[in-house]
Amino acid sequence: MRNAAPLLAVHDLHVDFDTPAGPVAAVSGVSFEIEPNETVALVGESGSGKSVTALAMMRLLGRGATLRGQITCDGRDITGLTEKQMRSVRGRAMTMIFQDPMSSLDPLYSVGNQLVETVRLHNRMSRARAVERATELLDQVGIADPRGRLRAYPHQLSGGQRQRVMIALALACSPRLLIADEPTTALDVTIEAQILELIRGLQREYRMSLLLVTHDMAVVAEMADRVVVMYAGQVVESGAAEQILRQPQHPYTTALFQCIPTPVTDRSAALTAIPGAVPSPHELPPGCRFHPRCAVAFDRCVTGQVPLFPLDGGARHSRCWLSGDAASGRADRTVVTSASVPGPARRRR
Amino acid sequence: MNTPATTTQPRVPVPGGREPLLAVTDLVKHYPITKGLLRRTVASVRAVDGVSFTVGRGETVGLVGESGCGKSTVAKMVTRLVQPTSGSVRFAGTELTGLRARELREFRRRFHIVFQDPYSSLDPRLRIVESVGEPLVAHRIATGAAKRRRVCELMELVGLSPAHIDRYPHQFSGGQAQRIGIARALATGPDLVVCDEAVSSLDVSIQAQVLNLLKKLQRELGLSYLFIAHDLNVVRYLSDRVFVMYLGRIVEVGPAAGIMQRPAHPYTDALIGSVATPTSSGGFRRSRVVARGEVPSPSRPPPGCRFHPRCPEAFDLCRVQQPPAYRLTGDRLSACHLRAGEAEGVRDG
C-alpha cells in the first residue's frame with residue numbers, strides 16, 4: 001500500500017536547545033513519513049516536542065537549536081541547506097500555518113498587500129495578475145466579498161477570517177505539504193468545524209499532504225489518515241488513525257483517550273486521570289519516559305530504553321515492552337510499585 | 001480527608017435558608033462606545049442582555065457558549081468584579097448590587113473566582129504562602145503562624161505538598177499552579193466558587209486531574225460551582241444543570257444529561273454537532289457544519305432571535321420577534337419559536 005516514495009521523510013530527528021542550565025533534548029530520535037495526499041496527525045500534550053518537530057521541518061528553529069538527523073523532502077535532504085536555499089523549499093514544497101494568525105500577519109499592511117507580495121515573491125507575474133490571484137485565493141478560502149476584503153487590515157477581521165487569510169497565504173504558491181500547527185485551537189467550535197472543512201476541501205483541490213500538529217483527539221479523528229503520538233520528545237505510537245483510535249497499543253495513548261470526557265462519560269464516577277505531569281526535558285526519567293505515570297509499568301520499564309516495536313507487519317509501531325512482548329511471546333515481568341521507582345518519579349495515587 | 005474549609009473561621013448563619021445560594025435576575029451589562037472629544041455615547045456593546053438563573057447549595061451550574069457570548073462578564077458581575085448596568089444579584093438572600101464596598105466585604109469571603117490562566121492570578125514575586133494566604137490577611141482571618149498552618153491545610157486539600165509553600169509560582173507546572181489558584185479561592189471558606197474556563201488551558205491528562213479535584217472538593221466542602229467553559233463535554237461531566245448562552249442571552253436551560261441528548265434549541269444543536277463524539281467503532285466523529293457564518297458583533301445584535309442569521313431552521317417570525325423562554329417538560333427552557341407548540345408556559349422575565 002505504501003510503496004510510492006514518501007513526499008517527506010523525517011529520520012532520527014534530534015533537536016537540542018541551549019539553555020543556561022546546559023543543552024536540553026526537546027526531540028529525541030523522531031522518525032515518520034508523509035505520503036502524497038496523506039494527512040498525518042502529530043499528536044501530543046504540551047512538552048511532547050510536536051511543535052518543535054514541525055518547526056524543525058520548516059528549518060525555523062533559529063539560533064540556539066541544534067538539529068541532527070535527516071529531513072528529506074522529495075528525496076532531497078534539507079537539513080544541510082543554506083537559509084537562501086531553504087527559501088525555495090518553504091512556500092513551494094511545504095508551508096506552515098500557526099495557532100495564532102495575528103502573530104503571522106503584519107498589522108501595518110492590508111490583507112491584499114500581504115497576499116500580493118507573497119504571490120509575486122514566489123511567482124513571476126505582473127501586479128495586476130497577482131491581484132487577480134490574491135482575489136481568487138480569498139474567494140477559495142471562503143471570504144465573502146474577496147475584492148473588497150483585499151483592502152482590510154488584519155485587526156478588522158475576526159479570528160476565523162484571519163485564519164482563512166493565513167490559509168490563503170499558505171496556498172499562494174501551491175505547496176505540496178501544508179503543516180498546520182494547532183490551526184483551530186484558538187477558534188470557537190462552530191468556526192473550528194468550518195475551518196477544518198475548508199482545509200479538507202482545499203487539500204483535495206490542491207492535492208496537498210497535510211501534517212496536522214494537534215492535542216485535540218476530536219480533530220485527529222476527523223482529519224487524519226495516520227497518527228503519530230509523541231510523549232516527552234519521542235514517538236510512542238504510530239499507525240493508521242482508525243486503528244489507533246479504536247485500539248491504542250501504548251499505555252499513554254490509552255490513558256490519553258480515557259481522560260477525555262465524552263457525552264457518555266459516567267458523571268458520577270471520577271475521570272481516569274494520568275497522575276503527575278509531563279517530565280521537564282531537564283529531568284527525563286530513565287527507562288521508558290512514561291513509566292513514572294504509567295499504570296502498568298514493571299521492572300524493565302524503569303531501566304533500559306524501550307525500542308519502537310513494529311506491529312502488524314510494520315504497519316504500526318509502539319514504544320512499549322508490553323507491545324513487544326505480545327509480539328514475541330515473552331512474559332517475564334515484575335510489577336513495580338511507586339515505592340520502588342527510583343529517580344525523579346512523581347507521587348502516584 | 002475530612003478537613004472542613006472553615007476550621008479557622010466560624011460561618012455566619014445564613015438568612016433565608018430556603019432561597020437558592022445565588023439568584024441572578026435580568027442581569028444586563030452594556031459597555032458604552034464613545035466617540036469624539038466629548039466622549040458622547042454613540043452605541044453600546046450589549047455584552048449581557050437580560051440573563052436570569054439560580055445556583056442552589058451544593059449545585060454545579062454550567063454556563064456554556066462561544067467567545068463573546070457574555071459568559072465571562074456574567075462571572076465577573078456575580079463576583080462583583082464588574083458592576084452590572086441593571087438587574088439583581090442575590091447571594092444567600094442579600095441583594096449585592098446596591099451594597100457599598102464595606103458591606104460587600106463581608107460577602108467577598110463567601111464567593112471566589114478561579115480564572116483560566118493560573119500564572120496570571122498569582123504574583124510571580126510572592127511565595128505561595130503569601131499568595132494563598134493573602135485573602136486570609138485581607139479578611140483578617142489569620143496571620144503569621146496561623147496563616148502558614150491554614151495554607152498548609154489548603155495545599156493538602158488540593159493535592160499538593162505542604163512542604164512547597166515557600167516556593168514561587170514559576171516552580172510549579174500549569175496543573176499545579178491551577179491547584180494553587182483553587183487553594184487560594186478556598187482560603188476563606190467560600191460557599192460559591194466561580195470557575196471561569198478554569199480547566200481550558202490545561203492538557204487533557206491534567207484537566208482530568210483538576211476536574212476530579214473539583215468534584216472531590218464539592219463532596220467534602222459542600223461547595224456550589226458556577227462552572228463556565230466552552231467545552232460541552234467538560235461542562236456536561238461536571239454540571240447538574242447547564243445554561244447555554246448566545247450573544248448576551250440564555251438560549252437554553254436544562255439538566256446536564258438531557259441537554260446533550262436532546263437539545264431543544266438549534267444553537268445548542270449546532271454546538272453539539274461541532275463537538276466530536278465517540279462512535280461505536282471507538283473513534284470520534286463530528287457531524288457536519290451546522291452553524292453558518294460567525295457570531296455577530298454584540299454592539300449590533302440582529303433583530304428578533306439573535307441566532308437567526310446562522311440558524312438552519314429560521315423562519316419569518318425569528319427575524320422580527322425575540323422568542324421568550326418557553327418552559328418545556330423535564331425542567332427545560334428554550335428560547336426558540338419552534339418550541340412554542342409544545343411549551344407548558346413562558347418564564348416571566
# chains A, B, ... in the order shown; residues from 1 in each chain; ligands from 1
$ residues_around --residues "B:Glu134" --least-positions-apart "6" --cutoff "12 Å" --atoms "only C-alpha atoms" --output "PDB file with all heavy atoms, in the first residue's frame"
ATOM      1  N   ARG B 109     -15.771  37.093  51.151  1.00  0.00           N
ATOM      2  CA  ARG B 109     -15.115  35.867  51.596  1.00  0.00           C
ATOM      3  C   ARG B 109     -15.958  34.632  51.239  1.00  0.00           C
ATOM      4  O   ARG B 109     -15.489  33.519  51.323  1.00  0.00           O
ATOM      5  CB  ARG B 109     -14.882  35.906  53.107  1.00  0.00           C
ATOM      6  CG  ARG B 109     -16.163  35.878  53.913  1.00  0.00           C
ATOM      7  CD  ARG B 109     -15.896  35.506  55.351  1.00  0.00           C
ATOM      8  NE  ARG B 109     -15.123  36.551  56.030  1.00  0.00           N
ATOM      9  CZ  ARG B 109     -15.016  36.614  57.350  1.00  0.00           C
ATOM     10  NH1 ARG B 109     -15.586  35.707  58.105  1.00  0.00           N
ATOM     11  NH2 ARG B 109     -14.324  37.574  57.914  1.00  0.00           N
ATOM     12  N   LEU B 122      -1.465  34.642  40.007  1.00  0.00           N
ATOM     13  CA  LEU B 122      -0.515  34.522  41.125  1.00  0.00           C
ATOM     14  C   LEU B 122       0.619  35.515  40.886  1.00  0.00           C
ATOM     15  O   LEU B 122       1.169  35.578  39.791  1.00  0.00           O
ATOM     16  CB  LEU B 122       0.060  33.094  41.181  1.00  0.00           C
ATOM     17  CG  LEU B 122      -0.922  31.968  41.503  1.00  0.00           C
ATOM     18  CD1 LEU B 122      -0.259  30.614  41.292  1.00  0.00           C
ATOM     19  CD2 LEU B 122      -1.423  32.090  42.928  1.00  0.00           C
ATOM     20  N   ASP B 123       0.962  36.287  41.912  1.00  0.00           N
ATOM     21  CA  ASP B 123       2.063  37.237  41.772  1.00  0.00           C
ATOM     22  C   ASP B 123       3.376  36.460  41.686  1.00  0.00           C
ATOM     23  O   ASP B 123       3.715  35.721  42.614  1.00  0.00           O
ATOM     24  CB  ASP B 123       2.073  38.179  42.984  1.00  0.00           C
ATOM     25  CG  ASP B 123       3.073  39.312  42.823  1.00  0.00           C
ATOM     26  OD1 ASP B 123       4.102  39.101  42.157  1.00  0.00           O
ATOM     27  OD2 ASP B 123       2.818  40.398  43.366  1.00  0.00           O
ATOM     28  N   LEU B 126       5.748  36.622  44.696  1.00  0.00           N
ATOM     29  CA  LEU B 126       5.302  36.207  46.027  1.00  0.00           C
ATOM     30  C   LEU B 126       5.407  34.700  46.188  1.00  0.00           C
ATOM     31  O   LEU B 126       5.062  33.945  45.282  1.00  0.00           O
ATOM     32  CB  LEU B 126       3.840  36.614  46.252  1.00  0.00           C
ATOM     33  CG  LEU B 126       3.528  38.085  46.510  1.00  0.00           C
ATOM     34  CD1 LEU B 126       2.066  38.219  46.918  1.00  0.00           C
ATOM     35  CD2 LEU B 126       4.425  38.651  47.598  1.00  0.00           C
ATOM     36  N   ARG B 127       5.864  34.282  47.363  1.00  0.00           N
ATOM     37  CA  ARG B 127       5.862  32.857  47.674  1.00  0.00           C
ATOM     38  C   ARG B 127       4.417  32.396  47.790  1.00  0.00           C
ATOM     39  O   ARG B 127       3.526  33.182  48.105  1.00  0.00           O
ATOM     40  CB  ARG B 127       6.593  32.597  48.999  1.00  0.00           C
ATOM     41  CG  ARG B 127       8.057  32.959  48.951  1.00  0.00           C
ATOM     42  CD  ARG B 127       8.692  32.775  50.331  1.00  0.00           C
ATOM     43  NE  ARG B 127      10.014  33.392  50.369  1.00  0.00           N
ATOM     44  CZ  ARG B 127      11.119  32.797  49.925  1.00  0.00           C
ATOM     45  NH1 ARG B 127      11.051  31.562  49.444  1.00  0.00           N
ATOM     46  NH2 ARG B 127      12.277  33.406  49.966  1.00  0.00           N
ATOM     47  N   ILE B 128       4.222  31.071  47.586  1.00  0.00           N
ATOM     48  CA  ILE B 128       2.873  30.514  47.599  1.00  0.00           C
ATOM     49  C   ILE B 128       2.150  30.824  48.911  1.00  0.00           C
ATOM     50  O   ILE B 128       0.970  31.157  48.919  1.00  0.00           O
ATOM     51  CB  ILE B 128       2.923  28.987  47.339  1.00  0.00           C
ATOM     52  CG1 ILE B 128       3.472  28.729  45.931  1.00  0.00           C
ATOM     53  CG2 ILE B 128       1.556  28.351  47.503  1.00  0.00           C
ATOM     54  CD1 ILE B 128       2.796  29.507  44.815  1.00  0.00           C
ATOM     55  N   ARG B 140      -8.843  39.478  57.553  1.00  0.00           N
ATOM     56  CA  ARG B 140      -8.462  39.412  58.983  1.00  0.00           C
ATOM     57  C   ARG B 140      -8.874  38.087  59.610  1.00  0.00           C
ATOM     58  O   ARG B 140      -9.454  38.033  60.694  1.00  0.00           O
ATOM     59  CB  ARG B 140      -9.097  40.568  59.751  1.00  0.00           C
ATOM     60  CG  ARG B 140      -8.767  41.911  59.117  1.00  0.00           C
ATOM     61  CD  ARG B 140      -8.825  43.037  60.104  1.00  0.00           C
ATOM     62  NE  ARG B 140      -8.472  44.267  59.424  1.00  0.00           N
ATOM     63  CZ  ARG B 140      -9.376  45.141  58.959  1.00  0.00           C
ATOM     64  NH1 ARG B 140     -10.656  44.932  59.138  1.00  0.00           N
ATOM     65  NH2 ARG B 140      -8.985  46.240  58.342  1.00  0.00           N
ATOM     66  N   ILE B 141      -8.590  37.005  58.880  1.00  0.00           N
ATOM     67  CA  ILE B 141      -8.926  35.682  59.396  1.00  0.00           C
ATOM     68  C   ILE B 141      -7.712  35.080  60.091  1.00  0.00           C
ATOM     69  O   ILE B 141      -7.819  34.481  61.167  1.00  0.00           O
ATOM     70  CB  ILE B 141      -9.404  34.757  58.243  1.00  0.00           C
ATOM     71  CG1 ILE B 141     -10.735  35.274  57.703  1.00  0.00           C
ATOM     72  CG2 ILE B 141      -9.547  33.319  58.724  1.00  0.00           C
ATOM     73  CD1 ILE B 141     -11.176  34.630  56.418  1.00  0.00           C
ATOM     74  N   ALA B 142      -6.551  35.231  59.505  1.00  0.00           N
ATOM     75  CA  ALA B 142      -5.351  34.650  60.105  1.00  0.00           C
ATOM     76  C   ALA B 142      -4.116  35.383  59.608  1.00  0.00           C
ATOM     77  O   ALA B 142      -4.062  35.843  58.468  1.00  0.00           O
ATOM     78  CB  ALA B 142      -5.253  33.174  59.751  1.00  0.00           C
ATOM     79  N   THR B 143      -3.102  35.462  60.464  1.00  0.00           N
ATOM     80  CA  THR B 143      -1.802  35.989  60.043  1.00  0.00           C
ATOM     81  C   THR B 143      -0.730  35.098  60.651  1.00  0.00           C
ATOM     82  O   THR B 143      -1.026  34.219  61.469  1.00  0.00           O
ATOM     83  CB  THR B 143      -1.570  37.435  60.544  1.00  0.00           C
ATOM     84  OG1 THR B 143      -1.798  37.443  61.955  1.00  0.00           O
ATOM     85  CG2 THR B 143      -2.469  38.430  59.836  1.00  0.00           C
ATOM     86  N   GLY B 144       0.514  35.337  60.257  1.00  0.00           N
ATOM     87  CA  GLY B 144       1.659  34.659  60.868  1.00  0.00           C
ATOM     88  C   GLY B 144       1.553  33.149  60.833  1.00  0.00           C
ATOM     89  O   GLY B 144       1.245  32.555  59.801  1.00  0.00           O
ATOM     90  N   LYS B 147      -1.687  31.594  59.691  1.00  0.00           N
ATOM     91  CA  LYS B 147      -1.842  31.658  58.244  1.00  0.00           C
ATOM     92  C   LYS B 147      -1.059  30.518  57.589  1.00  0.00           C
ATOM     93  O   LYS B 147      -1.578  29.828  56.725  1.00  0.00           O
ATOM     94  CB  LYS B 147      -1.327  33.010  57.719  1.00  0.00           C
ATOM     95  CG  LYS B 147      -1.439  33.151  56.220  1.00  0.00           C
ATOM     96  CD  LYS B 147      -0.996  34.516  55.729  1.00  0.00           C
ATOM     97  CE  LYS B 147       0.524  34.580  55.592  1.00  0.00           C
ATOM     98  NZ  LYS B 147       0.984  35.843  55.002  1.00  0.00           N
ATOM     99  N   ARG B 148       0.190  30.305  58.033  1.00  0.00           N
ATOM    100  CA  ARG B 148       1.003  29.208  57.466  1.00  0.00           C
ATOM    101  C   ARG B 148       0.304  27.869  57.652  1.00  0.00           C
ATOM    102  O   ARG B 148       0.271  27.040  56.748  1.00  0.00           O
ATOM    103  CB  ARG B 148       2.380  29.144  58.131  1.00  0.00           C
ATOM    104  CG  ARG B 148       3.360  30.183  57.638  1.00  0.00           C
ATOM    105  CD  ARG B 148       4.748  29.919  58.197  1.00  0.00           C
ATOM    106  NE  ARG B 148       5.431  28.836  57.501  1.00  0.00           N
ATOM    107  CZ  ARG B 148       6.125  29.004  56.385  1.00  0.00           C
ATOM    108  NH1 ARG B 148       6.230  30.191  55.845  1.00  0.00           N
ATOM    109  NH2 ARG B 148       6.715  27.975  55.806  1.00  0.00           N
ATOM    110  N   ARG B 150      -2.901  27.294  58.000  1.00  0.00           N
ATOM    111  CA  ARG B 150      -4.081  27.219  57.127  1.00  0.00           C
ATOM    112  C   ARG B 150      -3.651  26.973  55.666  1.00  0.00           C
ATOM    113  O   ARG B 150      -4.276  26.184  54.962  1.00  0.00           O
ATOM    114  CB  ARG B 150      -4.862  28.540  57.239  1.00  0.00           C
ATOM    115  CG  ARG B 150      -6.060  28.633  56.321  1.00  0.00           C
ATOM    116  CD  ARG B 150      -7.243  27.844  56.855  1.00  0.00           C
ATOM    117  NE  ARG B 150      -8.369  27.956  55.938  1.00  0.00           N
ATOM    118  CZ  ARG B 150      -8.996  26.918  55.410  1.00  0.00           C
ATOM    119  NH1 ARG B 150      -8.628  25.695  55.718  1.00  0.00           N
ATOM    120  NH2 ARG B 150     -10.000  27.103  54.588  1.00  0.00           N
ATOM    121  N   VAL B 151      -2.576  27.624  55.210  1.00  0.00           N
ATOM    122  CA  VAL B 151      -2.104  27.432  53.839  1.00  0.00           C
ATOM    123  C   VAL B 151      -1.653  25.983  53.643  1.00  0.00           C
ATOM    124  O   VAL B 151      -1.922  25.374  52.610  1.00  0.00           O
ATOM    125  CB  VAL B 151      -0.977  28.438  53.483  1.00  0.00           C
ATOM    126  CG1 VAL B 151      -0.375  28.120  52.121  1.00  0.00           C
ATOM    127  CG2 VAL B 151      -1.515  29.865  53.477  1.00  0.00           C
ATOM    128  N   GLY B 181      -4.275  28.039  42.499  1.00  0.00           N
ATOM    129  CA  GLY B 181      -5.351  29.011  42.295  1.00  0.00           C
ATOM    130  C   GLY B 181      -6.619  28.578  43.013  1.00  0.00           C
ATOM    131  O   GLY B 181      -7.331  29.394  43.606  1.00  0.00           O
ATOM    132  N   ALA B 183      -6.707  26.533  45.668  1.00  0.00           N
ATOM    133  CA  ALA B 183      -6.435  26.635  47.109  1.00  0.00           C
ATOM    134  C   ALA B 183      -6.688  28.061  47.586  1.00  0.00           C
ATOM    135  O   ALA B 183      -7.295  28.289  48.635  1.00  0.00           O
ATOM    136  CB  ALA B 183      -4.987  26.236  47.402  1.00  0.00           C
ATOM    137  N   ARG B 184      -6.238  29.024  46.788  1.00  0.00           N
ATOM    138  CA  ARG B 184      -6.423  30.437  47.135  1.00  0.00           C
ATOM    139  C   ARG B 184      -7.902  30.799  47.163  1.00  0.00           C
ATOM    140  O   ARG B 184      -8.370  31.504  48.057  1.00  0.00           O
ATOM    141  CB  ARG B 184      -5.673  31.280  46.108  1.00  0.00           C
ATOM    142  CG  ARG B 184      -5.647  32.736  46.413  1.00  0.00           C
ATOM    143  CD  ARG B 184      -4.977  33.450  45.244  1.00  0.00           C
ATOM    144  NE  ARG B 184      -5.593  34.749  45.080  1.00  0.00           N
ATOM    145  CZ  ARG B 184      -5.001  35.884  45.426  1.00  0.00           C
ATOM    146  NH1 ARG B 184      -3.783  35.881  45.902  1.00  0.00           N
ATOM    147  NH2 ARG B 184      -5.621  37.030  45.258  1.00  0.00           N
ATOM    148  N   ALA B 185      -8.645  30.271  46.186  1.00  0.00           N
ATOM    149  CA  ALA B 185     -10.082  30.560  46.140  1.00  0.00           C
ATOM    150  C   ALA B 185     -10.802  29.969  47.357  1.00  0.00           C
ATOM    151  O   ALA B 185     -11.823  30.477  47.783  1.00  0.00           O
ATOM    152  CB  ALA B 185     -10.685  30.034  44.847  1.00  0.00           C
ATOM    153  N   LEU B 186     -10.248  28.868  47.900  1.00  0.00           N
ATOM    154  CA  LEU B 186     -10.908  28.200  49.022  1.00  0.00           C
ATOM    155  C   LEU B 186     -10.474  28.753  50.380  1.00  0.00           C
ATOM    156  O   LEU B 186     -11.026  28.373  51.409  1.00  0.00           O
ATOM    157  CB  LEU B 186     -10.616  26.698  48.979  1.00  0.00           C
ATOM    158  CG  LEU B 186     -11.154  25.927  47.774  1.00  0.00           C
ATOM    159  CD1 LEU B 186     -10.725  24.470  47.861  1.00  0.00           C
ATOM    160  CD2 LEU B 186     -12.672  26.031  47.700  1.00  0.00           C
ATOM    161  N   ALA B 187      -9.473  29.652  50.372  1.00  0.00           N
ATOM    162  CA  ALA B 187      -8.844  30.071  51.622  1.00  0.00           C
ATOM    163  C   ALA B 187      -9.841  30.576  52.659  1.00  0.00           C
ATOM    164  O   ALA B 187      -9.760  30.240  53.831  1.00  0.00           O
ATOM    165  CB  ALA B 187      -7.786  31.144  51.343  1.00  0.00           C
ATOM    166  N   THR B 188     -10.820  31.377  52.233  1.00  0.00           N
ATOM    167  CA  THR B 188     -11.727  31.977  53.207  1.00  0.00           C
ATOM    168  C   THR B 188     -12.968  31.122  53.445  1.00  0.00           C
ATOM    169  O   THR B 188     -13.919  31.571  54.067  1.00  0.00           O
ATOM    170  CB  THR B 188     -12.183  33.372  52.722  1.00  0.00           C
ATOM    171  OG1 THR B 188     -12.816  33.210  51.447  1.00  0.00           O
ATOM    172  CG2 THR B 188     -11.013  34.313  52.575  1.00  0.00           C
TER     173      THR B 188
END
$ residues_around --residues "stretch 264-275 of chain A" --least-positions-apart "5" --cutoff "12 Å" --atoms "only C-alpha atoms" --output "ChimeraX atom specification"
/A:251-259,290-296,338,345-349 /B:159,175-176,203-216,219,232-240,256-258,260-261,277-280
$ write_last_selection --atoms "C-alpha atoms" --output "compact mmCIF listing (two decimals), in the first residue's frame"
# COMPACT_ATOMS: atom_id res chain seq x y z
CA PRO A 251 -0.47 2.80 27.68
CA TYR A 252 -0.01 6.56 27.21
CA THR A 253 -2.33 6.69 24.20
CA THR A 254 -4.86 4.53 26.03
CA ALA A 255 -4.76 6.75 29.11
CA LEU A 256 -4.98 9.89 26.99
CA PHE A 257 -8.24 8.70 25.43
CA GLN A 258 -9.67 7.68 28.79
CA CYS A 259 -9.20 11.05 30.43
CA PHE A 290 6.25 7.47 30.57
CA HIS A 291 6.91 4.90 33.31
CA PRO A 292 6.53 7.22 36.34
CA ARG A 293 2.94 7.97 35.24
CA CYS A 294 2.11 4.56 33.76
CA ALA A 295 -0.47 2.36 35.46
CA VAL A 296 1.08 -0.87 34.10
CA SER A 338 5.62 3.56 43.31
CA ALA A 345 9.38 9.81 39.67
CA ARG A 346 6.45 11.81 40.89
CA ARG A 347 3.98 10.92 43.58
CA ARG A 348 1.39 8.45 42.36
CA ARG A 349 -2.12 7.92 43.58
CA GLY B 159 -3.36 17.57 46.50
CA GLY B 175 -1.73 21.91 36.56
CA GLN B 176 -0.09 22.50 39.94
CA ASP B 203 -3.56 19.47 28.82
CA VAL B 204 -6.23 16.77 28.83
CA SER B 205 -4.38 14.49 31.27
CA ILE B 206 -4.04 17.38 33.73
CA GLN B 207 -7.55 18.63 33.00
CA ALA B 208 -8.94 15.29 34.17
CA GLN B 209 -6.97 15.59 37.43
CA VAL B 210 -8.35 19.08 38.11
CA LEU B 211 -11.95 18.04 37.23
CA ASN B 212 -11.64 15.16 39.68
CA LEU B 213 -10.29 17.56 42.30
CA LEU B 214 -13.22 19.96 41.79
CA LYS B 215 -15.69 17.08 42.28
CA LYS B 216 -13.87 15.89 45.39
CA ARG B 219 -18.27 16.50 48.04
CA LEU B 232 -19.63 20.99 26.25
CA ASN B 233 -18.37 17.57 27.31
CA VAL B 234 -16.44 19.01 30.25
CA VAL B 235 -19.47 21.07 31.30
CA ARG B 236 -21.78 18.06 30.99
CA TYR B 237 -19.47 15.95 33.14
CA LEU B 238 -19.24 18.44 35.99
CA SER B 239 -22.62 20.20 35.99
CA ASP B 240 -26.06 19.37 37.35
CA ALA B 256 -26.79 18.29 32.02
CA ALA B 257 -27.63 14.85 30.69
CA GLY B 258 -30.82 15.79 28.86
CA MET B 260 -26.75 16.84 25.42
CA GLN B 261 -29.01 14.00 24.36
CA THR B 277 -18.49 12.50 19.73
CA PRO B 278 -17.30 8.92 20.11
CA THR B 279 -18.67 6.40 17.65
CA SER B 280 -19.41 2.71 18.12
$ residues_around --residues "stretch 129-141 of chain A" --least-positions-apart "6" --cutoff "7 Å" --atoms "only C-alpha atoms" --output "PDB file with N, CA, C and O atoms, in the first residue's frame"
ATOM      1  N   GLY A 112      -4.609  42.479   1.249  1.00  0.00           N
ATOM      2  CA  GLY A 112      -4.273  42.415  -0.169  1.00  0.00           C
ATOM      3  C   GLY A 112      -2.789  42.617  -0.399  1.00  0.00           C
ATOM      4  O   GLY A 112      -2.145  41.875  -1.139  1.00  0.00           O
ATOM      5  N   LEU A 115      -0.910  39.503   0.592  1.00  0.00           N
ATOM      6  CA  LEU A 115      -1.159  38.396  -0.334  1.00  0.00           C
ATOM      7  C   LEU A 115      -0.450  38.622  -1.667  1.00  0.00           C
ATOM      8  O   LEU A 115       0.213  37.725  -2.190  1.00  0.00           O
ATOM      9  N   VAL A 116      -0.576  39.851  -2.196  1.00  0.00           N
ATOM     10  CA  VAL A 116       0.029  40.160  -3.498  1.00  0.00           C
ATOM     11  C   VAL A 116       1.547  40.010  -3.410  1.00  0.00           C
ATOM     12  O   VAL A 116       2.186  39.420  -4.274  1.00  0.00           O
ATOM     13  N   VAL A 119       2.412  36.325  -3.342  1.00  0.00           N
ATOM     14  CA  VAL A 119       2.199  35.707  -4.655  1.00  0.00           C
ATOM     15  C   VAL A 119       3.342  36.073  -5.597  1.00  0.00           C
ATOM     16  O   VAL A 119       3.904  35.227  -6.287  1.00  0.00           O
ATOM     17  N   ARG A 120       3.742  37.347  -5.574  1.00  0.00           N
ATOM     18  CA  ARG A 120       4.784  37.793  -6.514  1.00  0.00           C
ATOM     19  C   ARG A 120       6.179  37.346  -6.101  1.00  0.00           C
ATOM     20  O   ARG A 120       7.066  37.200  -6.929  1.00  0.00           O
ATOM     21  N   ARG A 147     -12.797  40.827  -3.213  1.00  0.00           N
ATOM     22  CA  ARG A 147     -12.146  42.014  -3.773  1.00  0.00           C
ATOM     23  C   ARG A 147     -12.156  43.154  -2.758  1.00  0.00           C
ATOM     24  O   ARG A 147     -11.155  43.843  -2.564  1.00  0.00           O
ATOM     25  N   ARG A 164      -8.469  32.101   7.867  1.00  0.00           N
ATOM     26  CA  ARG A 164      -8.739  31.885   6.442  1.00  0.00           C
ATOM     27  C   ARG A 164      -7.699  32.618   5.596  1.00  0.00           C
ATOM     28  O   ARG A 164      -7.203  32.082   4.599  1.00  0.00           O
ATOM     29  N   VAL A 165      -7.359  33.872   5.988  1.00  0.00           N
ATOM     30  CA  VAL A 165      -6.345  34.635   5.243  1.00  0.00           C
ATOM     31  C   VAL A 165      -4.989  33.933   5.318  1.00  0.00           C
ATOM     32  O   VAL A 165      -4.269  33.821   4.326  1.00  0.00           O
ATOM     33  N   ALA A 168      -4.973  31.240   2.912  1.00  0.00           N
ATOM     34  CA  ALA A 168      -4.801  31.786   1.563  1.00  0.00           C
ATOM     35  C   ALA A 168      -3.334  32.089   1.289  1.00  0.00           C
ATOM     36  O   ALA A 168      -2.800  31.763   0.228  1.00  0.00           O
ATOM     37  N   LEU A 198     -12.901  23.480   5.466  1.00  0.00           N
ATOM     38  CA  LEU A 198     -12.201  24.242   4.429  1.00  0.00           C
ATOM     39  C   LEU A 198     -10.850  23.597   4.103  1.00  0.00           C
ATOM     40  O   LEU A 198     -10.513  23.379   2.939  1.00  0.00           O
TER      41      LEU A 198
END
$ select_by_dssp --residues "stretch 221-272 of chain B" --states "strand (DSSP E)" --output "NGL selection string"
:B and (224-229 or 241-246 or 249-255)
$ residues_around --residues "stretch 201-205 of chain A" --least-positions-apart "4" --cutoff "10 Å" --atoms "only C-alpha atoms" --output "count of residues only"
15
$ atom_distance --atom1 "atom CA of B:Ile250" --atom2 "atom CA of B:Gly93"
23.1 Å
$ closest_residue --among "B:Asp191, B:Asp166, B:Asp269, B:Asp196" --to "B:Ser334" --atoms "only C-alpha atoms"
B:Asp269
$ residues_around --residues "B:Val158" --least-positions-apart "3" --cutoff "9 Å" --atoms "only C-alpha atoms" --output "mmCIF file with N, CA and C atoms, in the first residue's frame"
data_model
loop_
_atom_site.group_PDB
_atom_site.id
_atom_site.type_symbol
_atom_site.label_atom_id
_atom_site.label_comp_id
_atom_site.auth_asym_id
_atom_site.auth_seq_id
_atom_site.Cartn_x
_atom_site.Cartn_y
_atom_site.Cartn_z
ATOM 1 N N GLU B 153 -2.853 23.379 55.224
ATOM 2 C CA GLU B 153 -4.105 22.617 55.115
ATOM 3 C C GLU B 153 -4.667 22.705 53.701
ATOM 4 N N LEU B 154 -4.672 23.944 53.171
ATOM 5 C CA LEU B 154 -5.248 24.166 51.843
ATOM 6 C C LEU B 154 -4.445 23.428 50.771
ATOM 7 N N MET B 155 -3.124 23.432 50.909
ATOM 8 C CA MET B 155 -2.275 22.750 49.932
ATOM 9 C C MET B 155 -2.610 21.256 49.930
ATOM 10 N N ARG B 179 -4.047 24.229 40.717
ATOM 11 C CA ARG B 179 -4.422 23.746 42.051
ATOM 12 C C ARG B 179 -4.178 24.829 43.104
ATOM 13 N N ILE B 180 -3.076 25.571 42.942
ATOM 14 C CA ILE B 180 -2.777 26.660 43.878
ATOM 15 C C ILE B 180 -3.852 27.743 43.763
ATOM 16 N N ILE B 182 -6.900 27.271 42.981
ATOM 17 C CA ILE B 182 -8.092 26.742 43.653
ATOM 18 C C ILE B 182 -7.919 26.855 45.170
ATOM 19 N N ALA B 183 -6.707 26.533 45.668
ATOM 20 C CA ALA B 183 -6.435 26.635 47.109
ATOM 21 C C ALA B 183 -6.688 28.061 47.586
ATOM 22 N N LEU B 213 -10.511 16.794 41.071
ATOM 23 C CA LEU B 213 -10.290 17.564 42.297
ATOM 24 C C LEU B 213 -11.514 18.439 42.610
ATOM 25 N N LEU B 214 -12.061 19.098 41.577
ATOM 26 C CA LEU B 214 -13.222 19.963 41.791
ATOM 27 C C LEU B 214 -14.402 19.150 42.337
ATOM 28 N N LEU B 217 -13.675 18.223 46.016
ATOM 29 C CA LEU B 217 -13.831 19.375 46.911
ATOM 30 C C LEU B 217 -15.305 19.685 47.151
#
